[in-house]
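Notes for the one structure printed next.
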Amino acid sequence: MAQVEVNNVTVSQGVRMLFSLMTPNESSFATVQEVPTYVSQATPYFTGLILLEIVLGWLKTDGPRIKINDFITSLSAGMMSRLPQLMMRSLELSSYIYVWNNFRLLELPWDSAWTWWLAFFGVDMGYYWFHRFAHELNILWAAHQVHHSSEYYNLSTALRQSVTVQFSSWAFYLPLALAVPPSVFAVHIQLNLLYQFWIHTELVKDLGPLEWILNTPSHHRVHHGRNPYCIDKNYAGILIIWDRMFGTFAPESDQVVYGLTYPISTFEIWTVEFLYYPYLWQRFWEAEGISNKLSVIFKGPGWTPGKPRLGDIADIPQITGEEMPHNPTWSPAMQAYVLVQFFLLLDVYNNLLMDQMILSEMTVLLLTAYVLLSLTSLGFLIDQRANAAEMEMLRCVLIMALQRFGYIKPLVPLLAFPIEVSLTDTYIITIVSITDVQLPFKHNTLFVSFSKDAEKHYHQVLHKLIEFMQLKCCTKGDKSNTCKQIFQLSFSLKF
């Protein structure tokens, strides 16, 4: 069997792994350490397919609707969901290895095609039951509802993942650990996830006979619908046969309306990720008696006393055909700013993931905090919250400090600290003025007075920061171009 080093996925493999077209011969490994990080290496292929979907959508009159606010929120959720892996090993793989080391009943050969296919079917069936339980148990739905919160359906929706879902999915794969080596499982848990990316699209309509066997875009569109006929249907990962066998299959018929039955109507990432938990806690305490309290946790999201375990389908809001996704108006200038800042953040995020093994724990924590602050700030800007400009000002000052002390690599080294300062100054003033116009009327008077104070405070912080840099240059006797530019900048900026 192939002995492939980590991070050694070819272009051909990179494309085929998205469609579960890898062969046993090229994806069987003796140890977990040899297994390629397929998911991490899929980023350029995700990007390519998303761009292709956008282009094809523009060319088709009935193409997918991709909005910047929803697009950034979905990618933000995906970024946030992977941050825990910076602090700990995958819980799915760690628990699997523990069971394998201590409780396995037999040891199937890692280099056998039979073992490979057993893992393929076993992981896919395990995913079906995890996915089904994530819809039928309220405590698991609290995590999984993040993935369903988008009111659009495109490839970026596939990346809208929950931070907490990984803390429950691991249990459904443990039976395989009694016989299937961890290295084989480590391959299939990644390939199963990657397959589910491309089915999040409206561009692919019908795949003919494949619809009987595979989970397709048509089947998964039903799963993401909030139409009554779509609720609790089509849980498949790769193979739709599980839904057909266990009675949870529904074909696509009426036009699907996407999202939660009660939309959350926000793009702020912390709300998207964790809104359901306070709601669940409130329901738990308001329920009378221990039986009802436990039912709130372990029955379906739609359950109430006197209702069936999964709730009554008649309680689902009816679809009128006039539903419109949450898409508040915001200026093209703000959209451009948020989009540029998000892609700059992506560069920092990718560098963090690639360099995590050589970075100190404090550096990883600092950059993780910066990523979370940035995702929060951009969400505030998209939602047009009253304190959005203040939050973004803090983020921009933090960018300058992190870049000056080498925690963030500048995209263009020649455009380092001095130019970053002047650009950030322009950005903050632009954000403040744009946000004044964008805010709802009831917040406008408050924010006009805040804007003056915010600009003054920003200049004070910037002044102190440059004074500190001047002192550092003088203390070290530094006569580099950067220090000269800092002194020049202190005279050119008007505070």
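Note on naming: chains are A, B, ... as they come in the structure tokens, residues start from 1 per chain, ligands start from 1 in the order shown.
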task = Just the strand (DSSP E or B) stuff from stretch 203-393 of chain A, please, per backbone DSSP, written as a list of chain:residue names.
result =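 Of stretch 203-393 of chain A, only A:Leu214, A:Gly225, A:Leu239, A:Tyr258 fall in strand (DSSP E or B).
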task = Using only C-alpha atoms, determine which residues lie at most 9 Å from A:Lys205, disregarding the query and same-chain residues fewer than 5 positions distant; provide the list as number ranges by chain.
result = A: 216-218
Serialized selection, N, CA, C and O atoms, as a short mmCIF file (atom, residue, chain, number, x, y, z; two decimals), in the first residue's frame:
data_model
loop_
_atom_site.label_atom_id
_atom_site.label_comp_id
_atom_site.auth_asym_id
_atom_site.auth_seq_id
_atom_site.Cartn_x
_atom_site.Cartn_y
_atom_site.Cartn_z
N THR A 216 -27.05 13.26 -2.67
CA THR A 216 -26.82 14.20 -3.75
C THR A 216 -27.27 15.60 -3.33
O THR A 216 -27.93 15.76 -2.30
N PRO A 217 -26.93 16.62 -4.13
CA PRO A 217 -27.42 17.97 -3.81
C PRO A 217 -28.94 18.03 -3.66
O PRO A 217 -29.45 18.73 -2.78
N SER A 218 -29.66 17.29 -4.49
CA SER A 218 -31.12 17.28 -4.40
C SER A 218 -31.58 16.74 -3.05
O SER A 218 -32.45 17.33 -2.39
#
request  = Excluding stretch 341-354 of chain A and residues on its chain fewer than 5 positions from it, collect all residues at most 8 Å away from it, counting only C-alpha atoms, and give them as a VMD selection string.
outcome  = chain A and resid 72 79 86 364 367 371 374 378 408 to 409
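Using only C-alpha atoms, the shortest contact distance between A:Ala314 and any of A:Asn227, A:Gln41, A:Asn25, A:Thr47 is found at A:Asn227.
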request  = Please measure the separation of atom CA of A:Leu56 and atom CA of A:Glu202, giving the value in Å to one decimal.
outcome  = 10.9 Å
request  = Using DSSP on the backbone, list every residue of stretch 219-396 of chain A that comes out as helix (DSSP H, G or I), and give them as an MDAnalysis selection string.
outcome  = chainID A and resid 219:223 228:230 241:246 269:274 276:286 289:298 313:315 332:355 361:383 388:396
message = Neighbouring residues of A:Met22 were defined as those with any atom within 12 Å, considering only C-alpha atoms; residues of the same chain fewer than 5 positions away were excluded. Please report them as number ranges by chain.
response = A: 9-10, 12-17, 27-28, 38, 116-117, 120, 187-188, 190-192, 194-195
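The nearest approach to A:Leu159 among the residues A:Ala119, A:Leu359, A:Ile54, A:Met80, with only C-alpha atoms taken into account, belongs to A:Met80.
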Give me the residues within 7 Å of A:Trp170 as a PDB file with N, CA, C and O atoms, in the first residue's frame, counting only C-alpha atoms and dropping any in the same chain fewer than 2 places off.
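As a result, part06.pdb now contains:
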ATOM      1  N   LEU A  91     -11.204  14.934  19.256  1.00  0.00           N
ATOM      2  CA  LEU A  91     -11.833  14.043  20.229  1.00  0.00           C
ATOM      3  C   LEU A  91     -12.284  12.749  19.562  1.00  0.00           C
ATOM      4  O   LEU A  91     -12.233  11.670  20.175  1.00  0.00           O
ATOM      5  N   GLU A  92     -12.736  12.832  18.320  1.00  0.00           N
ATOM      6  CA  GLU A  92     -13.150  11.629  17.599  1.00  0.00           C
ATOM      7  C   GLU A  92     -11.996  10.640  17.485  1.00  0.00           C
ATOM      8  O   GLU A  92     -12.147   9.445  17.758  1.00  0.00           O
ATOM      9  N   SER A  95     -10.572   9.434  21.229  1.00  0.00           N
ATOM     10  CA  SER A  95     -11.416   8.423  21.877  1.00  0.00           C
ATOM     11  C   SER A  95     -11.350   7.097  21.129  1.00  0.00           C
ATOM     12  O   SER A  95     -11.361   6.025  21.754  1.00  0.00           O
ATOM     13  N   GLN A 166     -18.356  18.568  17.851  1.00  0.00           N
ATOM     14  CA  GLN A 166     -17.327  17.523  17.945  1.00  0.00           C
ATOM     15  C   GLN A 166     -17.307  16.842  19.306  1.00  0.00           C
ATOM     16  O   GLN A 166     -16.732  15.761  19.464  1.00  0.00           O
ATOM     17  N   PHE A 167     -17.950  17.440  20.307  1.00  0.00           N
ATOM     18  CA  PHE A 167     -17.953  16.854  21.638  1.00  0.00           C
ATOM     19  C   PHE A 167     -19.023  15.781  21.809  1.00  0.00           C
ATOM     20  O   PHE A 167     -19.153  15.199  22.894  1.00  0.00           O
ATOM     21  N   SER A 168     -19.795  15.514  20.761  1.00  0.00           N
ATOM     22  CA  SER A 168     -20.811  14.458  20.836  1.00  0.00           C
ATOM     23  C   SER A 168     -20.685  13.432  19.714  1.00  0.00           C
ATOM     24  O   SER A 168     -21.086  12.286  19.879  1.00  0.00           O
ATOM     25  N   PHE A 172     -20.353   7.823  18.292  1.00  0.00           N
ATOM     26  CA  PHE A 172     -21.043   7.014  17.288  1.00  0.00           C
ATOM     27  C   PHE A 172     -20.093   6.174  16.430  1.00  0.00           C
ATOM     28  O   PHE A 172     -20.540   5.328  15.665  1.00  0.00           O
ATOM     29  N   TYR A 173     -18.809   6.415  16.549  1.00  0.00           N
ATOM     30  CA  TYR A 173     -17.838   5.661  15.751  1.00  0.00           C
ATOM     31  C   TYR A 173     -17.071   4.634  16.575  1.00  0.00           C
ATOM     32  O   TYR A 173     -16.285   3.856  16.023  1.00  0.00           O
TER      33      TYR A 173
END
request  = One decimal, Å: what's the distance from atom CA of A:Gln335 over to atom CA of A:Tyr45, could you say?
outcome  =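 Distance reported for this atom pair: 24.9 Å.
Residue nearest A:Gly300, chosen from A:Asn138, A:Ser265, A:Asn215, A:Gln85 and counting only C-alpha atoms: A:Asn138.
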key: 7 Å contact set for A:Phe249, only C-alpha atoms, chain neighbours under 6 positions out, as a PyMOL selection string   = chain A and resi 233-234+243
Serialized selection, N, CA, C and O atoms, as a PDB file, in the first residue's frame:
ATOM      1  N   LYS A 233     -35.500  14.776   7.669  1.00  0.00           N
ATOM      2  CA  LYS A 233     -35.351  13.871   6.523  1.00  0.00           C
ATOM      3  C   LYS A 233     -33.914  13.927   5.982  1.00  0.00           C
ATOM      4  O   LYS A 233     -33.209  14.918   6.135  1.00  0.00           O
ATOM      5  N   ASN A 234     -33.503  12.832   5.350  1.00  0.00           N
ATOM      6  CA  ASN A 234     -32.253  12.749   4.572  1.00  0.00           C
ATOM      7  C   ASN A 234     -31.012  13.105   5.400  1.00  0.00           C
ATOM      8  O   ASN A 234     -30.355  14.106   5.177  1.00  0.00           O
ATOM      9  N   ASP A 243     -31.050   6.256   4.737  1.00  0.00           N
ATOM     10  CA  ASP A 243     -32.361   6.908   4.887  1.00  0.00           C
ATOM     11  C   ASP A 243     -33.464   6.050   4.282  1.00  0.00           C
ATOM     12  O   ASP A 243     -34.566   5.961   4.840  1.00  0.00           O
TER      13      ASP A 243
END
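The two atoms in question, atom CA of A:Arg385 and atom CA of A:Leu75, are spaced 20.3 Å apart.
Take the candidates A:Ile264, A:Leu105, A:Ala179, A:Met362 and check each one against A:His326 using only C-alpha atoms; the shortest distance goes to A:Ile264.
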Residues within 12 Å of A:Leu203, only C-alpha atoms, excluding chain neighbours under 4 positions, as an mmCIF file with C-alpha atoms, in the first residue's frame:
data_model
loop_
_atom_site.group_PDB
_atom_site.id
_atom_site.type_symbol
_atom_site.label_atom_id
_atom_site.label_comp_id
_atom_site.auth_asym_id
_atom_site.auth_seq_id
_atom_site.Cartn_x
_atom_site.Cartn_y
_atom_site.Cartn_z
ATOM 1 C CA LEU A 49 -15.333 25.258 -6.212
ATOM 2 C CA ILE A 50 -16.849 28.247 -4.386
ATOM 3 C CA LEU A 52 -16.784 28.309 -9.771
ATOM 4 C CA GLU A 53 -20.222 28.277 -8.149
ATOM 5 C CA ILE A 54 -20.242 32.087 -7.962
ATOM 6 C CA VAL A 55 -19.278 32.442 -11.637
ATOM 7 C CA LEU A 56 -21.796 29.854 -12.823
ATOM 8 C CA GLY A 57 -24.440 31.464 -10.629
ATOM 9 C CA TRP A 58 -23.877 34.813 -12.333
ATOM 10 C CA LEU A 59 -24.212 33.148 -15.733
ATOM 11 C CA LYS A 60 -27.503 31.429 -14.837
ATOM 12 C CA THR A 61 -30.672 33.460 -14.369
ATOM 13 C CA ASP A 62 -31.801 31.070 -11.642
ATOM 14 C CA GLY A 63 -28.345 30.789 -10.111
ATOM 15 C CA PRO A 64 -27.618 30.609 -6.364
ATOM 16 C CA ARG A 65 -27.943 33.742 -4.291
ATOM 17 C CA TYR A 153 -27.895 27.121 0.218
ATOM 18 C CA ASN A 154 -24.507 27.251 -1.428
ATOM 19 C CA LEU A 155 -21.056 25.775 -0.965
ATOM 20 C CA TRP A 198 -19.990 19.634 -2.803
ATOM 21 C CA ILE A 199 -23.605 18.607 -2.168
ATOM 22 C CA LEU A 207 -28.022 12.917 -11.070
ATOM 23 C CA THR A 216 -26.817 14.200 -3.753
ATOM 24 C CA PRO A 217 -27.421 17.971 -3.811
ATOM 25 C CA SER A 218 -31.119 17.284 -4.400
ATOM 26 C CA ARG A 221 -31.445 20.414 -0.224
#
request  = Rank nothing, just name the residue among A:Thr271, A:Val222, A:Val204, A:Trp303 nearest to A:Arg283, using only C-alpha atoms.
outcome  =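 Of A:Thr271, A:Val222, A:Val204, A:Trp303, the one nearest A:Arg283 is A:Trp303, counting only C-alpha atoms.
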